[in-house]
Amino acid sequence: MTITSDRSQAAGTPLVPAAPAPVPTEPAATVTFSIDGVETTVPKGTLVIRAAEQLGIAIPRFCDHPLLAPAGACRQCLVEVWAPGRDGNVAKMPKPQASCTLEATPGMEVKTQHTSAEADKAQHGVMELLLINHPLDCPVCDKGGECPLQNQAMSNGRATSRFVDIKRTFPKPIAISTQILLDRERCILCQRCTRFSEEIAGDVWIDLQKRGAQQQIGTFDVEVLGFAGEVPVGASTVDTSGRPFASYFSGNTVQICPVGALTSAAYRFRARPFDLVSTPGVSEHDSQGSAIRVDHRRGVVMRRLAGEDPAVNQEWITDKDRFGFRWQSSPDRLTTPLVRDRLADGSRGELRPASWFEAYGAAAAGLRTALEDGGVGVLPGGRVTLEDAYAYAKFARVALGTNDVDHRARPHSDEEAAFLGHHVAGRTLDVTFADVAAAPTVLLVGLEAEEEGGILFLRLRESVLKGTTTVYSVAALDSRGLQRLSGTLVPAAPGTEAEVLDGVVGDADEDVLSSLAQALATPGAVVLVGERAASSTGALSAVLRLGARTGARVAWVPRRAGERGAVEAGTLPTLLPGGRPVADAGARVDLAAAWGVEALPTAPGRSASQIVAAARDGGLGALVVGGVDPADLPDPALVRDALDKVGFVLSLEVRPSEVTERADVVLPVAPPVEKPGTFVTWEGRPRPFPQALVSHALPDHRVLHGLAAELGVDLGLDSVADVHAELDQMGGWDGARVDAPDVAPGEPPAVPAGHAVLATWHHLLDSGRLQEGEPHLAGTAKRPVARVSAATAASVGVADGDLLAVGTDAGTITLPVLVTDMPDFVVWLPTNSPGSAVRDTLHAVGGALVRLTPGAAPLAPAHDEEA
Amino acid sequence: MATTLTPVLSDHWDADRSWTLATYEANGGYRGLRRALTLPPADVVTMVKDSGLRGRGGAGFPTGMKWGFLPAPDGGPRYLVVNADESEPGTCKDIPLMMASPQHLIEGVIITSFAIGCHHAFIYVRGEVVHVYRRLLRAVEEAYAKGYLGTNILGSGYDLEVTVHAGAGAYICGEETALLDSLEGLRGQPRLKPPFPAVAGLYARPTVVNNVESIASVPGIVVGGADWFKQMGTERSTGHGLFSLSGHVTRPGQYEAPLGITLRELLEMAGGMRGGRALKFWTPGGSSTPIFTAEHLDVPLDYESVGAAGSMLGTRALQIFDETTSVVRAVTRWIEFYKHESCGKCTPCREGTFWLAQIMQRLERGQGTPADIDLLLDLCDNILGRAFCALGDGATSPVTSAIQYFREEFEAGCHTPADVLFPPERSALFDYTPRRSGSALAGVHA
């Protein structure tokens with residue numbers, strides 16, 4: 001773990017080494033020219049405005065954005081340019097030039113407003129024109145205080161306006177979605193938002209309308225644009241021809257808007273920029289590790305913005321990263337430890353607040369009893385920081401003497417554990433965002449890039465648009481996200497992924513499989529496999545076989561922020577920190593020495609499902625549960641049953657949950673904003689973040705340290721510095737790895753009439769607990785639908801838009817049908833959306849057999865909430 | 001030496017059903033194509049280069065040179081796009097030409113396409129002129145039926161498809177890159193250059209965009225030869241051109257004459273000023289060209305002379321205004337046009353025309369302020385050369401030139417409405433009650 005320079009110098013091999021600094025590449029050709037008399041040499045093709053930035057010369061601008069294609073629309077960045085003509089004499093260009101569209105050429109002499117009266121006048125003129133139709137309502141505008149228009153009007157504009165006539169006005173504001181609001185009269189029509197939605201996100205839901213001074217950003221009819229089917233949940237006001245703006249990346253348009261035209265409902269009128277304190281952070285929502293900026297005021301987070309990190313998220317984040325933060329300050333936050341007294345008959349009473357002293361004592365007593373009575377299972381959950389995961393891993397082994405620890409609160413398998421131990425653990429930064437961006441071919445297996453890894457989607461799309469990357473996806477259907485990557489679908493019904501992957505052979509363009517085999521053999525090709533692959537027998541083995549066969553590199557892209565760090569930290573039943581196999585005596589000795597204990601438990605532990613089953617059946621005496629929602633596990637009923645039946649439940653939680661409802665002792669822990677920590681991206685890149693808010697809440701590792709002390713064990717993890725010191729000295733494992741899984745493809749089940757195979761993945765915006773408390777964001781989620789092929793729909797007797805009931809013996813989900821081009825006798829449902837809690841309602845995971853029947857109105861109650 | 005008319009394009013406009021293919025052929029039509037198909041394409045390009053033909057759409061860029069900018073063939077398609085989006089106030093030459101003799105254009109399109117190696121040409125017609133659109137469609141149909149279009153044209157082995165596309169009625173789509181965007185189905189706004197259309201135009205392929213009259217002049221050059229063409233006009237402004245006289249003249253209309261003719265000569269042919277009144281001001285080439293006054297009557301109407309006199313030849317749209325006209329009122333109408341037609345892409349044009357229009361309207365109402373004239377000039381300075389395309393530049397021309405020649409009328413706009421200084425009914429051909437600002441009755445002013 002390397003966070004500060006002095007520590008990185010002290011340590012040998014950190015457990016999760018920081019990414020090396022990027023090596024600047026030598027440009028193929030350079031251009032030497034001058035700006036304001038300062039000579040500079042830049043790579044050929046550099047825009048004058050970029051070269052000026054490097055020299056520290058500020059040229060005012062609005063439409064220009066380094067990550068968007070030049071537009072030259074606002075004309076604010078005009079400069080005087082002299083350039084050598086055909087005769088070699090340097091002559092002045094007759095008109096001032098927009099420096100944001102002008103490439104530097106050899107011998108060019110650029111004079112900005114600092115040295116040219118003409119450039120200065122041109123900029124003042126444009127600024128005055130920009131302001132004539134601008135309302136100048138800065139005192140009530142959210143952007144006031146951090147507004148490029150306001151700032152540059154001060155630096156490059158006239159003190160007073162000569163405009164005495166009538167301003168153009170619009171009714172205000174338009175709700176482009178439940179979240180994004182547009183004040184058209186503030187808009188200066190720089191087109192950053194429309195260019196973002198076209199060039200970056202690829203969901204063109206807004207565009208310019210009308211012309212002249214009446215030109216405005218508006219929304220178009222989704223039917224016209226061909227987006228039927230994926231409409232947002234929430235209602236929003238429509239303009240003359242409009243429909244709601246629905247995009248997972250829409251918040252970025254608010255951030256890049258150079259005026260206050262685009263605002264978010266979540267932040268509108270909430271704070272002034274000069275009252276905010278900004279702390280850099282890392283998003284806790286996914287394994288992408290997006291850099292964010294947390295803006296808070298008097299101990300309350302007011303908003304989050306995208307941070308800048310060229311190696312990871314560039315300057316973009318998903319709306320979930322941006323708006324999904326209210327859960328951390330929810331009024332129901334747990335603030336004190338809670339202890340539940342047992343009633344006289346042994347049944348559970350009410351939770352009551354307790355002191356830490358009492359709670360630690362009660363927890364230690366409960367665990368001690370359980371250690372006598374079968375042992376304790378540990379379920380840290382997938383949202384832990386690296387530090388906390390490490391504490392859980394060490395706590396289980398040292399304080400509880402068990403390998404019964406598994407952070408995977410989702411469908412998982414032994415095959416996956418072997419895959420993670422063999423291929424993932426200890427191999428940090430093996431495949432990075434940059435590698436993906438540079439890859440000629442990227443194959444996605446069980447991974448819906450837009451839904452399960454927003455930044456990965458944007459990075460892929462950037463390369464696809466550049467024409468350097470071709471995307472393939474082994475999935476049940478050709479999603480809109482895949483279409484926006486111009487991706488090729490390799491259709492696979494759930495459960496048949498391994499069979500399809502094993503069929504990727506050949507060197508001819510006979511069919512999609514052989515051309516894929518060819519494409520993967522190209523140097524640099526990458527296979528990205530999602531966490532869902534764990535629910536398809538043999539898929540992860542087949543991915544490894546495919547990688548070995550074609551030479552393509554394989555990387556694992558989980559959804560949750562803590563998953564990759566937890567693999568490194570060793571919260572798996574077969575894996576110790578740093579990829580050390582539990583089964584390897586040498587690894588155990590190595591780690592025992594590092595931890596200063598005599599020996600580590602030798603028996604491989606139980607997986608999360610086995611822990612739950614054992615707890616229910618009396619095989620375990622207690623459970624230590626972190627941030628786990630029972631509904632995320634494959635069989636939520638089993639989890640609830642286990643929590644009810646097990647002798648003792650200790651819960652470490654931020655907010656009340658189904659676990660705390662059943663827990664004997666609840667120890668409150670800090671959410672990411674109230675603690676320093678590190679998330680590890682799917683690449684294995686450490687993403688340390690500082691504590692944003694002053695808080696008394698303790699991170700999990702400190703709670704576990706205190707608890708271990710109560711059990712008579714010094715965990716040595718009382719501060720984040722302690723954890724880092726230990727991680728830095730721990731180092732990786734250069735011994736034998738866990739054996740690669742080699743599981744044969746599963747036999748797809750026979751599908752009886754009226755049945756289908758279930759395909760499912762999460763929508764980015766769904767019923768996840770970290771999105772609670774943000775109704776504006778929830779309104780931009782995609783409306784849940786059931787997708788089936790036309791033939792399947794016909795066989796059930798439903799048409800597009802009808803209700804379809806998808807059932808198992810456990811329950812039924814009823815959703816509107818969206819007929820989709822996909823394999824027959826497969827039905828797709830969103831995993832955890834309102835009205836479609838697949839695991840909770842159906843007790844089923846992808847690949848399961850489900851019954852299809854025509855649905856009966858009314859809709860499921862969860863839908864009505866949205867109205 | 002009096003200049004005489006040189007009807008080439010307008011030669012048989014007076015023939016019965018002049019727009020039919022039969023009439024065109026009876027008047028020597030398609031001889032140029034037959035000749036061109038016997039030549040190597042490069043020779044046709046050379047011939048047009050040698051003729052000195054310059055773009056008739058306004059800018060006057062040498063047509064042959066434009067064709068020569070196309071990169072070497074790479075096997076992919078290359079396109080000819082004819083700009084028939086004639087929308088400039090005063091400009092009215094292409095539409096009469098396409099109405100009276102569309103085959104001139106079609107033959108020019110075929111020869112030009114043959115010369116530049118294009119197999120699919122487009123004619124982008126202004127959307128409002130449905131009658132022209134229909135006539136062009138019929139002309140293309142006739143040409144297909146006679147084998148002038150389609151595959152193996154006249155047995156030469158050369159193939160060409162022609163698509164006539166009607167725009168949606170936007171002045172900006174006369175700007176060539178906006179036209180290409182519109183033709184591609186996108187919002188009609190000018191593109192960033194480079195790349196220029198010759199390199200990446202329609203569908204990002206090499207494209208030549210030419211004006212209707214330029215293309216229609218090509219068959220004559222192929223038949224008559226470059227030297228025949230150069231006999232007309234001046235040394236650097238060769239050939240014939242349609243001069244469109246409109247406004248206060250006795251016989252407004254199209255006068256096809258050699259470049260370099262003067263307005264004095266044209267006015268003589270047109271029967272002089274209407275009602276014998278004195279000429280006050282005129283535009284040499286449409287509303288985007290700075291206005292001239294009576295002192296410019298003898299300026300030869302060629303690119304160089306008009307430029308030297310401080311304006312532009314433009315589209316030879318000679319709008320003639322007599323002494324009854326308020327220059328403030330005329331300029332206000334033009335500025336309202338530019339405000340209405342500004343595409344909105346760039347700040348100077350979008351906001352500048354919006355502001356200019358309000359100031360001009362104030363001056364027309366007699367409610368200007370003494371600072372307004374300097375403000376107008378400064379605003380024009382802030383628009384001219386700062387806008388994304390030439391539309392913004394064009395919007396400033398009438399204002400700055402009108403202030404140059406008629407500053408006192410702008411000064412009068414600070415106290416007297418334009419319709420008091422110049423009652424509109426004096427310009428009328430018959431008695432009527434004009435609409436007045438702020439008053440329903442003629443001659444009543446507060």
# chains A, B, ... in the order shown; residues from 1 in each chain; ligands from 1
call {"tool": "closest_atom_pairs", "arguments": {"of": "chain A", "to": "chain B", "cutoff": "7 Å", "atoms": "only C-alpha atoms", "output": "CSV"}}
result
residue,atom,partner,partner_atom,distance
A:Ala71,CA,B:Leu192,CA,7.0
A:Ala73,CA,B:Cys346,CA,4.5
A:Cys74,CA,B:Thr347,CA,5.3
A:Arg75,CA,B:Thr347,CA,6.5
A:Lys95,CA,B:Gly385,CA,5.1
A:Pro96,CA,B:Arg386,CA,6.6
A:Ala122,CA,B:Asn382,CA,6.0
A:Gly125,CA,B:Asn382,CA,5.2
A:Val126,CA,B:Pro348,CA,6.1
A:Leu129,CA,B:Glu351,CA,5.6
A:Leu130,CA,B:Thr347,CA,6.4
A:Asp165,CA,B:Gln358,CA,6.7
A:Arg211,CA,B:Cys343,CA,4.8
A:Gly212,CA,B:Gly344,CA,4.0
A:Ala213,CA,B:Arg350,CA,5.5
A:Gln215,CA,B:Gly344,CA,5.8
call {"tool": "select_by_dssp", "arguments": {"residues": "segment 43-283 of chain B", "states": "strand (DSSP E or B)", "output": "PyMOL selection string"}}
result
chain B and resi 54+62+79-84+120-125+150+160-166+207-211+233+238+240-247+249+253-258+273+279-283
call {"tool": "write_last_selection", "arguments": {"atoms": "N, CA and C atoms", "output": "short mmCIF file (atom, residue, chain, number, x, y, z; two decimals), in the first residue's frame"}}
result
data_model
loop_
_atom_site.label_atom_id
_atom_site.label_comp_id
_atom_site.auth_asym_id
_atom_site.auth_seq_id
_atom_site.Cartn_x
_atom_site.Cartn_y
_atom_site.Cartn_z
N ARG B 54 -15.33 32.04 -62.96
CA ARG B 54 -15.24 32.16 -61.51
C ARG B 54 -16.61 31.91 -60.91
N PRO B 62 -12.22 30.79 -58.62
CA PRO B 62 -12.10 30.15 -59.93
C PRO B 62 -12.62 28.71 -59.90
N TYR B 79 -18.20 13.49 -55.01
CA TYR B 79 -19.52 14.04 -55.29
C TYR B 79 -19.45 15.45 -55.86
N LEU B 80 -20.44 15.73 -56.71
CA LEU B 80 -20.72 17.11 -57.10
C LEU B 80 -22.02 17.51 -56.41
N VAL B 81 -21.98 18.65 -55.73
CA VAL B 81 -23.19 19.16 -55.11
C VAL B 81 -23.44 20.55 -55.68
N VAL B 82 -24.62 20.72 -56.27
CA VAL B 82 -24.96 22.03 -56.82
C VAL B 82 -25.73 22.81 -55.76
N ASN B 83 -25.21 23.99 -55.47
CA ASN B 83 -25.84 24.85 -54.48
C ASN B 83 -26.93 25.66 -55.16
N ALA B 84 -28.17 25.21 -55.02
CA ALA B 84 -29.31 25.92 -55.58
C ALA B 84 -30.18 26.47 -54.45
N HIS B 120 -22.38 10.41 -58.71
CA HIS B 120 -23.65 10.74 -58.06
C HIS B 120 -23.60 12.22 -57.70
N ALA B 121 -24.43 12.98 -58.40
CA ALA B 121 -24.45 14.42 -58.16
C ALA B 121 -25.74 14.79 -57.45
N PHE B 122 -25.67 15.86 -56.67
CA PHE B 122 -26.83 16.32 -55.91
C PHE B 122 -27.12 17.76 -56.26
N ILE B 123 -28.39 18.08 -56.39
CA ILE B 123 -28.79 19.48 -56.55
C ILE B 123 -29.61 19.84 -55.32
N TYR B 124 -29.09 20.73 -54.50
CA TYR B 124 -29.75 21.13 -53.25
C TYR B 124 -30.53 22.40 -53.51
N VAL B 125 -31.85 22.25 -53.64
CA VAL B 125 -32.71 23.37 -53.99
C VAL B 125 -33.32 23.96 -52.73
N GLY B 150 -28.01 8.24 -65.95
CA GLY B 150 -28.15 6.81 -65.74
C GLY B 150 -26.85 6.11 -66.12
N LEU B 160 -23.96 8.19 -64.33
CA LEU B 160 -24.21 9.28 -63.37
C LEU B 160 -25.65 9.24 -62.88
N GLU B 161 -25.78 9.34 -61.57
CA GLU B 161 -27.10 9.52 -60.97
C GLU B 161 -27.18 10.95 -60.47
N VAL B 162 -28.37 11.53 -60.60
CA VAL B 162 -28.57 12.88 -60.06
C VAL B 162 -29.74 12.85 -59.08
N THR B 163 -29.50 13.40 -57.90
CA THR B 163 -30.55 13.51 -56.90
C THR B 163 -30.87 14.98 -56.69
N VAL B 164 -32.14 15.33 -56.81
CA VAL B 164 -32.57 16.69 -56.50
C VAL B 164 -33.14 16.67 -55.09
N HIS B 165 -32.57 17.51 -54.23
CA HIS B 165 -32.98 17.52 -52.82
C HIS B 165 -33.53 18.89 -52.47
N ALA B 166 -34.68 18.92 -51.85
CA ALA B 166 -35.26 20.19 -51.42
C ALA B 166 -34.87 20.45 -49.97
N THR B 207 -15.59 16.40 -52.40
CA THR B 207 -16.83 16.97 -52.92
C THR B 207 -16.56 18.35 -53.53
N VAL B 208 -17.18 18.57 -54.69
CA VAL B 208 -17.17 19.91 -55.27
C VAL B 208 -18.55 20.51 -55.04
N VAL B 209 -18.58 21.72 -54.48
CA VAL B 209 -19.84 22.43 -54.32
C VAL B 209 -19.79 23.66 -55.22
N ASN B 210 -20.71 23.74 -56.18
CA ASN B 210 -20.73 24.87 -57.11
C ASN B 210 -22.12 25.48 -57.19
N ASN B 211 -22.13 26.75 -57.55
CA ASN B 211 -23.40 27.45 -57.74
C ASN B 211 -24.07 27.00 -59.04
N GLY B 233 -16.42 39.82 -70.99
CA GLY B 233 -15.97 40.22 -69.68
C GLY B 233 -14.62 40.89 -69.71
N THR B 238 -13.96 36.94 -66.43
CA THR B 238 -14.34 36.59 -67.80
C THR B 238 -15.79 36.13 -67.85
N HIS B 240 -19.92 35.65 -69.23
CA HIS B 240 -21.23 36.27 -69.10
C HIS B 240 -21.79 35.99 -67.72
N GLY B 241 -22.72 36.83 -67.33
CA GLY B 241 -23.36 36.60 -66.05
C GLY B 241 -24.75 37.20 -66.05
N LEU B 242 -25.58 36.63 -65.22
CA LEU B 242 -26.94 37.17 -65.10
C LEU B 242 -26.91 38.32 -64.11
N PHE B 243 -27.38 39.48 -64.56
CA PHE B 243 -27.50 40.64 -63.67
C PHE B 243 -28.98 40.79 -63.35
N SER B 244 -29.30 40.69 -62.06
CA SER B 244 -30.72 40.70 -61.66
C SER B 244 -31.07 42.08 -61.15
N LEU B 245 -31.79 42.82 -61.96
CA LEU B 245 -32.21 44.16 -61.53
C LEU B 245 -33.56 44.07 -60.84
N SER B 246 -33.61 44.64 -59.65
CA SER B 246 -34.88 44.63 -58.94
C SER B 246 -35.07 45.98 -58.26
N GLY B 247 -36.26 46.25 -57.84
CA GLY B 247 -36.53 47.49 -57.14
C GLY B 247 -37.06 48.56 -58.06
N VAL B 249 -36.76 50.21 -60.73
CA VAL B 249 -36.38 50.38 -62.14
C VAL B 249 -37.63 50.16 -62.98
N GLY B 253 -35.61 42.72 -63.97
CA GLY B 253 -35.50 41.38 -64.55
C GLY B 253 -34.06 40.95 -64.71
N GLN B 254 -33.89 39.86 -65.45
CA GLN B 254 -32.57 39.28 -65.67
C GLN B 254 -31.94 39.86 -66.93
N TYR B 255 -30.74 40.39 -66.81
CA TYR B 255 -30.01 40.92 -67.96
C TYR B 255 -28.70 40.16 -68.03
N GLU B 256 -28.58 39.31 -69.04
CA GLU B 256 -27.35 38.52 -69.13
C GLU B 256 -26.34 39.29 -69.96
N ALA B 257 -25.26 39.65 -69.33
CA ALA B 257 -24.31 40.54 -69.98
C ALA B 257 -22.90 40.13 -69.59
N PRO B 258 -21.90 40.63 -70.32
CA PRO B 258 -20.53 40.32 -69.93
C PRO B 258 -20.22 40.98 -68.59
N MET B 273 -34.62 54.56 -64.24
CA MET B 273 -35.26 54.50 -62.93
C MET B 273 -36.76 54.64 -63.09
N LEU B 279 -31.66 57.90 -58.60
CA LEU B 279 -31.11 56.74 -57.89
C LEU B 279 -30.53 57.19 -56.56
N LYS B 280 -30.89 56.47 -55.48
CA LYS B 280 -30.33 56.84 -54.18
C LYS B 280 -29.21 55.89 -53.78
N PHE B 281 -29.53 54.59 -53.72
CA PHE B 281 -28.48 53.62 -53.39
C PHE B 281 -28.85 52.28 -53.99
N TRP B 282 -27.88 51.42 -54.09
CA TRP B 282 -28.10 50.11 -54.70
C TRP B 282 -27.09 49.10 -54.17
N THR B 283 -27.46 47.85 -54.26
CA THR B 283 -26.52 46.81 -53.88
C THR B 283 -25.95 46.20 -55.14
#
call {"tool": "residues_around", "arguments": {"residues": "segment 297-300 of chain B", "least_positions_apart": "6", "cutoff": "9 Å", "atoms": "only C-alpha atoms", "output": "list of chain:residue names"}}
result
B:Leu259, B:Gly260, B:Ile261, B:Thr262, B:Leu263, B:Arg264, B:Glu265, B:Val306, B:Ala309
call {"tool": "select_by_dssp", "arguments": {"residues": "segment 365-576 of chain A", "states": "helix (DSSP H, G or I)", "output": "NGL selection string"}}
result
:A and (365-372 or 386-399 or 414-424 or 433-438 or 449-452 or 454-466 or 480-484 or 497-502 or 512-520 or 531-535 or 539-550 or 563-569)
